[in-house]
>>> print(open('my_file.cif').read())   # mmCIF, C-alpha atoms
data_run
#
loop_
_atom_site.label_atom_id
_atom_site.label_comp_id
_atom_site.auth_asym_id
_atom_site.auth_seq_id
_atom_site.Cartn_x
_atom_site.Cartn_y
_atom_site.Cartn_z
CA MET A 49 -202.26 -53.23 -186.31
CA ALA A 50 -201.17 -52.00 -182.89
CA LYS A 51 -199.17 -54.37 -180.72
CA SER A 52 -200.82 -55.86 -177.66
CA LEU A 53 -199.58 -54.89 -174.20
CA GLY A 54 -199.55 -56.82 -170.93
CA ILE A 55 -198.99 -54.95 -167.67
CA PHE A 56 -197.84 -56.74 -164.49
CA VAL A 57 -198.50 -54.56 -161.44
CA THR A 58 -196.44 -55.23 -158.31
CA SER A 59 -196.16 -51.77 -156.70
CA PRO A 60 -199.09 -50.25 -154.81
CA ASP A 61 -198.18 -46.72 -155.92
CA SER A 62 -198.71 -47.49 -159.60
CA MET A 63 -202.36 -46.65 -160.28
CA ASP A 64 -201.67 -43.36 -162.11
CA HIS A 65 -199.18 -45.11 -164.38
CA VAL A 66 -201.43 -48.13 -164.99
CA ILE A 67 -204.31 -45.91 -166.04
CA GLY A 68 -202.12 -43.52 -168.05
CA VAL A 69 -200.42 -46.31 -169.99
CA THR A 70 -203.66 -48.24 -170.54
CA LYS A 71 -205.45 -45.14 -171.86
CA ALA A 72 -202.58 -44.31 -174.21
CA ALA A 73 -202.33 -47.89 -175.50
CA LYS A 74 -206.09 -48.22 -176.04
CA ALA A 75 -206.07 -44.90 -177.96
CA LYS A 76 -203.62 -46.57 -180.36
CA GLY A 77 -205.92 -49.56 -180.83
CA SER A 78 -203.89 -51.89 -178.65
CA LYS A 79 -205.26 -54.86 -176.74
CA VAL A 80 -204.34 -54.44 -173.06
CA LYS A 81 -204.34 -56.92 -170.19
CA VAL A 82 -203.50 -55.88 -166.62
CA PHE A 83 -202.65 -58.27 -163.78
CA PHE A 84 -202.26 -57.09 -160.18
CA THR A 85 -200.34 -59.13 -157.62
CA TRP A 86 -199.27 -59.01 -153.96
CA LYS A 87 -199.63 -55.56 -152.32
CA ALA A 88 -200.75 -54.06 -155.64
CA THR A 89 -204.02 -56.03 -155.29
CA THR A 90 -205.05 -53.29 -152.83
CA LEU A 91 -205.42 -51.08 -155.92
CA SER A 92 -208.57 -53.04 -156.73
CA LYS A 93 -210.17 -50.87 -154.03
CA ASP A 94 -209.05 -47.66 -155.70
CA PRO A 95 -212.11 -45.66 -156.85
CA ARG A 96 -210.62 -45.65 -160.38
CA PHE A 97 -210.39 -49.46 -160.56
CA PRO A 98 -213.88 -50.06 -162.06
CA GLY A 99 -213.05 -47.56 -164.80
CA LEU A 100 -209.82 -49.40 -165.52
CA CYS A 101 -211.77 -52.65 -165.86
CA GLU A 102 -213.92 -51.00 -168.52
CA LEU A 103 -211.00 -49.42 -170.30
CA ALA A 104 -208.69 -52.45 -170.51
CA ASP A 105 -209.56 -55.60 -172.45
CA ASP A 106 -208.76 -57.85 -169.51
CA VAL A 107 -208.08 -57.12 -165.84
CA ALA A 108 -207.23 -59.82 -163.30
CA ILE A 109 -205.88 -59.95 -159.76
CA CYS A 110 -204.03 -62.64 -157.80
CA VAL A 111 -206.68 -63.89 -155.41
CA ASP A 112 -204.15 -65.46 -153.04
CA SER A 113 -202.41 -62.07 -152.69
CA TYR A 114 -205.75 -60.32 -152.26
CA VAL A 115 -206.67 -62.59 -149.35
CA LYS A 116 -203.22 -62.08 -147.79
CA GLN A 117 -203.86 -58.32 -147.93
CA GLY A 118 -206.84 -58.94 -145.64
CA PHE A 119 -209.74 -59.10 -148.08
CA SER A 120 -212.31 -61.87 -148.36
CA VAL A 121 -212.48 -64.02 -151.43
CA ASP A 122 -216.22 -63.20 -151.59
CA ASP A 123 -215.50 -59.48 -151.69
CA VAL A 124 -215.21 -59.17 -155.48
CA PRO A 125 -213.79 -55.73 -156.37
CA GLU A 126 -216.25 -53.51 -158.23
CA GLY A 127 -215.85 -53.84 -161.98
CA LEU A 128 -214.01 -57.17 -161.83
CA GLU A 129 -215.46 -60.44 -163.10
CA PRO A 130 -215.31 -63.03 -160.29
CA LYS A 131 -213.42 -65.45 -162.55
CA LYS A 132 -210.70 -62.82 -162.89
CA MET A 133 -209.79 -63.32 -159.24
CA ALA A 134 -207.23 -65.82 -160.34
CA THR A 135 -203.73 -67.23 -160.04
CA GLN A 136 -200.22 -66.36 -161.20
CA ALA A 137 -201.08 -68.18 -164.44
CA GLN A 138 -202.51 -64.78 -165.51
CA HIS A 139 -198.97 -63.44 -165.42
CA GLY A 140 -197.90 -66.35 -167.61
CA ILE A 141 -200.57 -65.38 -170.15
CA ILE A 142 -199.22 -61.81 -170.26
CA ILE A 143 -195.70 -63.06 -170.93
CA GLU A 144 -196.64 -65.70 -173.49
CA ASP A 145 -199.49 -64.13 -175.40
CA TYR A 146 -198.85 -60.37 -175.48
CA ASP A 147 -196.43 -58.59 -177.82
CA CYS A 148 -195.13 -56.13 -175.26
CA TYR A 149 -194.59 -56.36 -171.52
CA LEU A 150 -194.43 -53.71 -168.82
CA SER A 151 -194.04 -54.20 -165.07
CA LEU A 152 -195.17 -51.37 -162.81
CA MET B 842 -190.92 -73.41 -179.29
CA GLU B 843 -188.60 -71.02 -177.51
CA TYR B 844 -189.03 -70.94 -173.75
CA LYS B 845 -189.27 -67.60 -171.98
CA LYS B 846 -186.57 -66.68 -169.48
CA VAL B 847 -187.72 -64.42 -166.69
CA CYS B 848 -185.76 -62.82 -163.87
CA LEU B 849 -187.54 -61.11 -160.98
CA MET B 850 -185.49 -58.90 -158.67
CA TYR B 851 -186.46 -57.85 -155.13
CA ARG B 852 -185.10 -54.95 -153.11
CA HIS B 853 -187.63 -54.81 -150.27
CA GLU B 854 -188.03 -57.46 -147.58
CA ASP B 855 -191.83 -57.31 -147.74
CA TYR B 856 -191.80 -58.22 -151.42
CA ALA B 857 -189.12 -60.89 -151.70
CA LEU B 858 -191.08 -63.92 -150.54
CA ASP B 859 -194.11 -63.19 -152.66
CA GLY B 860 -191.83 -62.40 -155.57
CA ILE B 861 -190.25 -65.83 -155.22
CA ARG B 862 -193.74 -67.30 -155.27
CA SER B 863 -194.37 -65.36 -158.46
CA ALA B 864 -191.24 -66.89 -160.01
CA LEU B 865 -192.49 -70.33 -159.03
CA GLY B 866 -195.81 -69.53 -160.72
CA LEU B 867 -193.97 -68.85 -163.98
CA ALA B 868 -191.85 -71.98 -163.71
CA VAL B 869 -195.07 -73.97 -163.44
CA GLU B 870 -196.10 -72.35 -166.74
CA ASN B 871 -193.01 -73.81 -168.43
CA MET B 872 -190.74 -70.80 -168.25
CA TYR B 873 -187.23 -70.51 -166.89
CA ALA B 874 -187.81 -68.37 -163.82
CA TYR B 875 -185.25 -66.85 -161.47
CA GLY B 876 -185.53 -64.68 -158.38
CA VAL B 877 -182.78 -62.39 -157.06
CA VAL B 878 -182.80 -60.80 -153.59
CA LEU B 879 -180.78 -57.58 -153.66
CA ASP B 880 -179.69 -55.37 -150.76
CA LYS B 881 -181.86 -56.83 -148.01
CA GLU B 882 -181.17 -59.57 -145.50
CA MET B 883 -184.12 -61.92 -145.15
CA GLU B 884 -185.17 -63.91 -142.12
CA LYS B 885 -184.60 -67.63 -142.11
CA LEU B 886 -187.27 -69.14 -144.30
CA ASN B 887 -189.72 -71.70 -143.00
CA GLU B 888 -190.07 -75.22 -144.36
CA LEU B 889 -192.91 -74.30 -146.70
CA ASN B 890 -190.94 -71.51 -148.35
CA LEU B 891 -187.82 -73.64 -148.60
CA GLU B 892 -189.92 -76.30 -150.30
CA SER B 893 -191.16 -73.69 -152.81
CA ILE B 894 -187.57 -72.84 -153.66
CA GLU B 895 -186.75 -76.54 -154.06
CA MET B 896 -189.70 -76.85 -156.44
CA LEU B 897 -188.41 -73.89 -158.40
CA ARG B 898 -184.99 -75.55 -158.64
CA ASP B 899 -186.59 -78.82 -159.75
CA MET B 900 -188.04 -76.84 -162.66
CA GLU B 901 -184.59 -75.46 -163.54
CA GLY B 902 -185.19 -72.09 -161.91
CA ASP B 903 -183.27 -70.72 -158.93
CA VAL B 904 -183.07 -68.01 -156.29
CA TYR B 905 -179.95 -65.86 -156.02
CA SER B 906 -178.84 -63.14 -153.66
CA THR B 907 -176.18 -60.45 -153.58
CA VAL B 908 -176.35 -60.58 -149.76
CA PRO B 909 -174.01 -63.19 -148.19
CA ALA B 910 -176.30 -63.65 -145.15
CA ASN B 911 -179.12 -64.84 -147.44
CA VAL B 912 -176.79 -67.34 -149.05
CA GLU B 913 -175.70 -68.69 -145.65
CA LYS B 914 -179.12 -68.73 -143.97
CA ASN B 915 -181.40 -69.76 -146.80
CA GLY B 916 -179.17 -71.51 -149.28
CA PHE B 917 -179.66 -68.96 -152.06
CA GLU B 918 -177.06 -69.00 -154.80
CA ALA B 919 -174.50 -66.21 -154.43
CA ILE B 920 -174.33 -63.65 -157.21
CA ASN B 921 -172.72 -60.23 -157.56
CA ILE B 922 -173.99 -57.27 -159.55
CA GLU B 923 -171.73 -57.90 -162.53
CA GLU B 924 -172.79 -61.56 -162.71
CA LEU B 925 -176.43 -60.55 -162.37
CA GLY B 926 -176.06 -58.05 -165.20
CA GLU B 927 -174.63 -60.76 -167.46
CA LYS B 928 -177.45 -63.11 -166.47
CA LEU B 929 -180.05 -60.44 -167.27
CA ARG B 930 -178.69 -60.22 -170.83
CA GLU B 931 -179.98 -63.77 -171.41
CA MET B 932 -183.50 -62.98 -170.18
CA THR B 933 -186.56 -62.39 -172.32
CA HIS B 934 -188.25 -60.60 -169.39
CA ILE B 935 -186.63 -58.59 -166.59
CA ILE B 936 -188.84 -57.61 -163.67
CA PRO B 937 -187.75 -55.23 -160.92
CA TYR B 938 -190.45 -56.41 -158.50
CA GLY B 939 -192.35 -54.26 -155.99
CA ILE B 940 -190.87 -51.22 -154.30
CA LYS B 941 -187.33 -50.66 -153.08
CA MET C 50 -182.12 -55.98 -179.76
CA LYS C 51 -183.50 -52.66 -178.54
CA VAL C 52 -183.91 -52.19 -174.79
CA LEU C 53 -186.12 -49.53 -173.22
CA ASN C 54 -185.20 -48.59 -169.65
CA VAL C 55 -188.01 -46.91 -167.75
CA TYR C 56 -187.08 -45.22 -164.48
CA ARG C 57 -189.52 -44.75 -161.61
CA SER C 58 -186.90 -42.90 -159.57
CA GLU C 59 -183.37 -41.59 -160.03
CA PRO C 60 -181.33 -44.73 -160.86
CA ASP C 61 -178.90 -45.58 -158.07
CA ALA C 62 -175.49 -47.21 -158.52
CA THR C 63 -176.96 -50.75 -158.64
CA VAL C 64 -179.48 -49.90 -161.36
CA GLN C 65 -176.90 -47.90 -163.32
CA LYS C 66 -174.51 -50.87 -163.29
CA LEU C 67 -177.20 -53.35 -164.37
CA VAL C 68 -178.39 -51.05 -167.16
CA GLU C 69 -174.81 -50.58 -168.34
CA ILE C 70 -174.30 -54.35 -168.65
CA VAL C 71 -177.74 -55.18 -170.06
CA THR C 72 -177.49 -52.50 -172.78
CA ARG C 73 -173.83 -53.20 -173.71
CA ASP C 74 -173.57 -53.46 -177.52
CA ARG C 75 -177.34 -53.06 -177.80
CA GLU C 76 -179.55 -50.22 -178.90
CA ALA C 77 -181.08 -48.53 -175.85
CA ASP C 78 -183.67 -45.91 -175.06
CA THR C 79 -184.89 -44.42 -171.78
CA PHE C 80 -188.07 -42.96 -170.34
CA ASP C 81 -188.36 -41.05 -167.07
CA LEU C 82 -191.56 -41.93 -165.18
CA ALA C 83 -190.50 -39.93 -162.12
CA VAL C 84 -191.94 -36.67 -163.39
CA LYS C 85 -195.16 -34.93 -162.42
CA SER C 86 -197.11 -35.65 -165.61
CA PRO C 87 -195.47 -38.41 -167.67
CA ASP C 88 -196.21 -38.42 -171.39
CA TYR C 89 -197.83 -41.85 -171.46
CA ASP C 90 -198.45 -41.62 -175.19
CA ALA C 91 -194.71 -41.26 -175.78
CA LEU C 92 -194.02 -44.10 -173.33
CA VAL C 93 -196.35 -46.46 -175.18
CA GLU C 94 -194.72 -45.53 -178.51
CA LYS C 95 -191.34 -46.39 -177.02
CA ILE C 96 -192.61 -49.67 -175.57
CA PHE C 97 -194.01 -50.66 -178.97
CA SER C 98 -190.74 -49.90 -180.73
CA ALA C 99 -188.54 -51.74 -178.20
CA ASP C 100 -187.81 -55.46 -178.10
CA GLN C 101 -187.67 -55.42 -174.31
CA THR C 102 -188.88 -52.95 -171.69
CA ILE C 103 -187.46 -52.87 -168.17
CA CYS C 104 -189.25 -50.70 -165.64
CA TRP C 105 -186.74 -50.09 -162.84
CA TRP C 106 -187.74 -49.18 -159.27
#
>>> encode(input="my_file.cif", output="structure tokens")
Amino acid sequence: MAKSLGIFVTSPDSMDHVIGVTKAAKAKGSKVKVFFTWKATTLSKDPRFPGLCELADDVAICVDSYVKQGFSVDDVPEGLEPKKMATQAQHGIIIEDYDCYLSL
Amino acid sequence: MEYKKVCLMYRHEDYALDGIRSALGLAVENMYAYGVVLDKEMEKLNELNLESIEMLRDMEGDVYSTVPANVEKNGFEAINIEELGEKLREMTHIIPYGIK
Amino acid sequence: MKVLNVYRSEPDATVQKLVEIVTRDREADTFDLAVKSPDYDALVEKIFSADQTICWW
């Protein structure tokens, strides 16, 4: 069985890599969770973000960071479940519960 | 249970404070979490941020810097590159955070 | 312990020094992300076969 992969996204220029790695890992049967924080939460407005939410098993963003980037808490990014606008605990889940870890 | 040891490193002034917050978030989740400010001199931190760092230290984490001015102004622990490298060897997770 | 170092740009002196210490007496592999079309399939294979992945700036 393929290993699971957690991706912690901190750089706003990472969308190509996030999608490329997620696609490749899913093609191998891996379970993939992606968590965006700080300035990388702006990637939730990337036109490819809804597709990423469908592709990955779990996508979450740091809501505190999102608000600090100037967005409203009520402005749920397309494709994202409202409950996935969450806290840094999502990063903890990636570290504790996933076999492999990648920061981007 | 073996506790995770995580080190986040920051090389851009716009990312350091939030990165420290991210370390605190992991400490709250029962991990050993450390932040290291490389290269950049930070402004003097406000009370709230200094309190966050105190909380991190209370949970056996810490914030280090290779920049003497950060050590003097904000009470970060001094560290050089060689010492940081040795510290990274003990980590389960190493996170170059944000952009440089 | 097998360490995978992923580079998002040409590693400078600081990164080179840290990598040298972290990988001392350990098995190490590298992947260059700073190319036009990275082979993400190969990257994922490397991540799966490593004990630790570090994605440098």
>>> resolve_selection(input="my_file.cif", expression="the PyMOL selection byres ((chain A) within 12 of (chain C))", output="VMD selection string")
chain A and resid 49 to 59 61 to 62 64 to 78 80 143 146 to 152
>>> residues_around(input="my_file.cif", residues="stretch 863-866 of chain B", least_positions_apart="5", cutoff="10 Å", atoms="only C-alpha atoms", output="MDAnalysis selection string")
(chainID A and resid 85:86 135:140) or (chainID B and resid 847:850 857:858 871:876 893:898 900 902:904 938)
>>> resolve_selection(input="my_file.cif", expression="the PyMOL selection byres ((chain C and resi 69-77) around 9)", output="VMD selection string")
(chain B and resid 923 926 to 931) or (chain C and resid 50 to 54 64 to 68 78 to 79 99)
>>> resolve_selection(input="my_file.cif", expression="the PyMOL selection byres ((chain B and resi 933) around 6)", output="NGL selection string")
:B and (845-846 or 932 or 934)
>>> residues_around(input="my_file.cif", residues="stretch 98-101 of chain A", least_positions_apart="3", cutoff="7 Å", atoms="all atoms listed in the file", output="ChimeraX atom specification")
/A:67,104,107,126-128
>>> interface_residues(input="my_file.cif", of="chain B", to="chain A", cutoff="6 Å", atoms="only C-alpha atoms", output="number ranges by chain")
B: 866-867, 939-940
>>> closest_residue(input="my_file.cif", among="C:Lys95, C:Phe80, C:Thr63, C:Tyr56", to="chain B", atoms="all atoms listed in the file")
C:Thr63
>>> closest_residue(input="my_file.cif", among="B:Leu879, B:Ile861, B:Asp855, B:Asn887", to="chain C", atoms="only C-alpha atoms")
B:Leu879
>>> decode(input="my_file.cif", residues="stretch 114-136 of chain A", atoms="N, CA, C and O atoms", output="PDB file, in the first residue's frame")
ATOM      1  N   TYR A 114      -5.362  33.501   6.792  1.00  0.00           N
ATOM      2  CA  TYR A 114      -6.243  33.926   5.682  1.00  0.00           C
ATOM      3  C   TYR A 114      -6.822  35.311   5.980  1.00  0.00           C
ATOM      4  O   TYR A 114      -6.819  36.199   5.123  1.00  0.00           O
ATOM      5  N   VAL A 115      -7.264  35.501   7.203  1.00  0.00           N
ATOM      6  CA  VAL A 115      -7.826  36.801   7.602  1.00  0.00           C
ATOM      7  C   VAL A 115      -6.725  37.870   7.594  1.00  0.00           C
ATOM      8  O   VAL A 115      -6.931  38.995   7.129  1.00  0.00           O
ATOM      9  N   LYS A 116      -5.539  37.490   8.044  1.00  0.00           N
ATOM     10  CA  LYS A 116      -4.421  38.456   8.056  1.00  0.00           C
ATOM     11  C   LYS A 116      -3.969  38.816   6.630  1.00  0.00           C
ATOM     12  O   LYS A 116      -3.328  39.845   6.431  1.00  0.00           O
ATOM     13  N   GLN A 117      -4.305  37.972   5.664  1.00  0.00           N
ATOM     14  CA  GLN A 117      -3.990  38.305   4.266  1.00  0.00           C
ATOM     15  C   GLN A 117      -5.083  39.189   3.657  1.00  0.00           C
ATOM     16  O   GLN A 117      -5.048  39.502   2.465  1.00  0.00           O
ATOM     17  N   GLY A 118      -6.078  39.556   4.469  1.00  0.00           N
ATOM     18  CA  GLY A 118      -7.086  40.518   4.021  1.00  0.00           C
ATOM     19  C   GLY A 118      -8.410  39.925   3.598  1.00  0.00           C
ATOM     20  O   GLY A 118      -9.287  40.644   3.112  1.00  0.00           O
ATOM     21  N   PHE A 119      -8.589  38.622   3.789  1.00  0.00           N
ATOM     22  CA  PHE A 119      -9.848  37.994   3.395  1.00  0.00           C
ATOM     23  C   PHE A 119     -10.797  37.893   4.590  1.00  0.00           C
ATOM     24  O   PHE A 119     -10.368  37.887   5.742  1.00  0.00           O
ATOM     25  N   SER A 120     -12.081  37.787   4.277  1.00  0.00           N
ATOM     26  CA  SER A 120     -13.074  37.639   5.341  1.00  0.00           C
ATOM     27  C   SER A 120     -13.252  36.160   5.668  1.00  0.00           C
ATOM     28  O   SER A 120     -13.176  35.305   4.794  1.00  0.00           O
ATOM     29  N   VAL A 121     -13.525  35.917   6.921  1.00  0.00           N
ATOM     30  CA  VAL A 121     -13.754  34.557   7.378  1.00  0.00           C
ATOM     31  C   VAL A 121     -14.973  33.928   6.673  1.00  0.00           C
ATOM     32  O   VAL A 121     -15.049  32.710   6.489  1.00  0.00           O
ATOM     33  N   ASP A 122     -15.899  34.782   6.251  1.00  0.00           N
ATOM     34  CA  ASP A 122     -17.108  34.297   5.559  1.00  0.00           C
ATOM     35  C   ASP A 122     -16.850  33.992   4.079  1.00  0.00           C
ATOM     36  O   ASP A 122     -17.686  33.407   3.405  1.00  0.00           O
ATOM     37  N   ASP A 123     -15.731  34.422   3.593  1.00  0.00           N
ATOM     38  CA  ASP A 123     -15.388  34.229   2.185  1.00  0.00           C
ATOM     39  C   ASP A 123     -14.676  32.875   2.037  1.00  0.00           C
ATOM     40  O   ASP A 123     -13.460  32.806   1.927  1.00  0.00           O
ATOM     41  N   VAL A 124     -15.488  31.802   2.045  1.00  0.00           N
ATOM     42  CA  VAL A 124     -14.919  30.447   1.981  1.00  0.00           C
ATOM     43  C   VAL A 124     -14.400  30.178   0.563  1.00  0.00           C
ATOM     44  O   VAL A 124     -15.163  30.297  -0.397  1.00  0.00           O
ATOM     45  N   PRO A 125     -13.120  29.859   0.420  1.00  0.00           N
ATOM     46  CA  PRO A 125     -12.583  29.611  -0.927  1.00  0.00           C
ATOM     47  C   PRO A 125     -13.351  28.495  -1.646  1.00  0.00           C
ATOM     48  O   PRO A 125     -13.745  27.505  -1.009  1.00  0.00           O
ATOM     49  N   GLU A 126     -13.544  28.678  -2.942  1.00  0.00           N
ATOM     50  CA  GLU A 126     -14.279  27.685  -3.735  1.00  0.00           C
ATOM     51  C   GLU A 126     -13.607  26.315  -3.625  1.00  0.00           C
ATOM     52  O   GLU A 126     -12.384  26.201  -3.763  1.00  0.00           O
ATOM     53  N   GLY A 127     -14.399  25.316  -3.365  1.00  0.00           N
ATOM     54  CA  GLY A 127     -13.883  23.947  -3.281  1.00  0.00           C
ATOM     55  C   GLY A 127     -13.573  23.495  -1.866  1.00  0.00           C
ATOM     56  O   GLY A 127     -13.447  22.312  -1.589  1.00  0.00           O
ATOM     57  N   LEU A 128     -13.438  24.463  -0.952  1.00  0.00           N
ATOM     58  CA  LEU A 128     -13.040  24.137   0.424  1.00  0.00           C
ATOM     59  C   LEU A 128     -14.262  23.980   1.317  1.00  0.00           C
ATOM     60  O   LEU A 128     -15.203  24.773   1.239  1.00  0.00           O
ATOM     61  N   GLU A 129     -14.227  22.948   2.172  1.00  0.00           N
ATOM     62  CA  GLU A 129     -15.300  22.819   3.168  1.00  0.00           C
ATOM     63  C   GLU A 129     -15.074  23.883   4.251  1.00  0.00           C
ATOM     64  O   GLU A 129     -13.943  24.057   4.694  1.00  0.00           O
ATOM     65  N   PRO A 130     -16.130  24.559   4.675  1.00  0.00           N
ATOM     66  CA  PRO A 130     -15.955  25.622   5.684  1.00  0.00           C
ATOM     67  C   PRO A 130     -15.204  25.146   6.927  1.00  0.00           C
ATOM     68  O   PRO A 130     -14.398  25.887   7.492  1.00  0.00           O
ATOM     69  N   LYS A 131     -15.432  23.888   7.337  1.00  0.00           N
ATOM     70  CA  LYS A 131     -14.749  23.413   8.548  1.00  0.00           C
ATOM     71  C   LYS A 131     -13.251  23.217   8.326  1.00  0.00           C
ATOM     72  O   LYS A 131     -12.501  23.021   9.287  1.00  0.00           O
ATOM     73  N   LYS A 132     -12.821  23.287   7.074  1.00  0.00           N
ATOM     74  CA  LYS A 132     -11.393  23.159   6.775  1.00  0.00           C
ATOM     75  C   LYS A 132     -10.673  24.500   6.787  1.00  0.00           C
ATOM     76  O   LYS A 132      -9.519  24.607   6.411  1.00  0.00           O
ATOM     77  N   MET A 133     -11.415  25.553   7.162  1.00  0.00           N
ATOM     78  CA  MET A 133     -10.760  26.823   7.484  1.00  0.00           C
ATOM     79  C   MET A 133     -10.452  26.699   8.966  1.00  0.00           C
ATOM     80  O   MET A 133     -11.319  26.937   9.812  1.00  0.00           O
ATOM     81  N   ALA A 134      -9.236  26.316   9.269  1.00  0.00           N
ATOM     82  CA  ALA A 134      -8.963  25.786  10.595  1.00  0.00           C
ATOM     83  C   ALA A 134      -7.712  26.393  11.223  1.00  0.00           C
ATOM     84  O   ALA A 134      -7.286  27.486  10.853  1.00  0.00           O
ATOM     85  N   THR A 135      -7.141  25.660  12.167  1.00  0.00           N
ATOM     86  CA  THR A 135      -5.992  26.181  12.922  1.00  0.00           C
ATOM     87  C   THR A 135      -4.722  25.405  12.588  1.00  0.00           C
ATOM     88  O   THR A 135      -4.737  24.467  11.801  1.00  0.00           O
ATOM     89  N   GLN A 136      -3.643  25.795  13.266  1.00  0.00           N
ATOM     90  CA  GLN A 136      -2.352  25.118  13.059  1.00  0.00           C
ATOM     91  C   GLN A 136      -2.395  23.654  13.509  1.00  0.00           C
ATOM     92  O   GLN A 136      -1.459  22.893  13.221  1.00  0.00           O
TER      93      GLN A 136
END
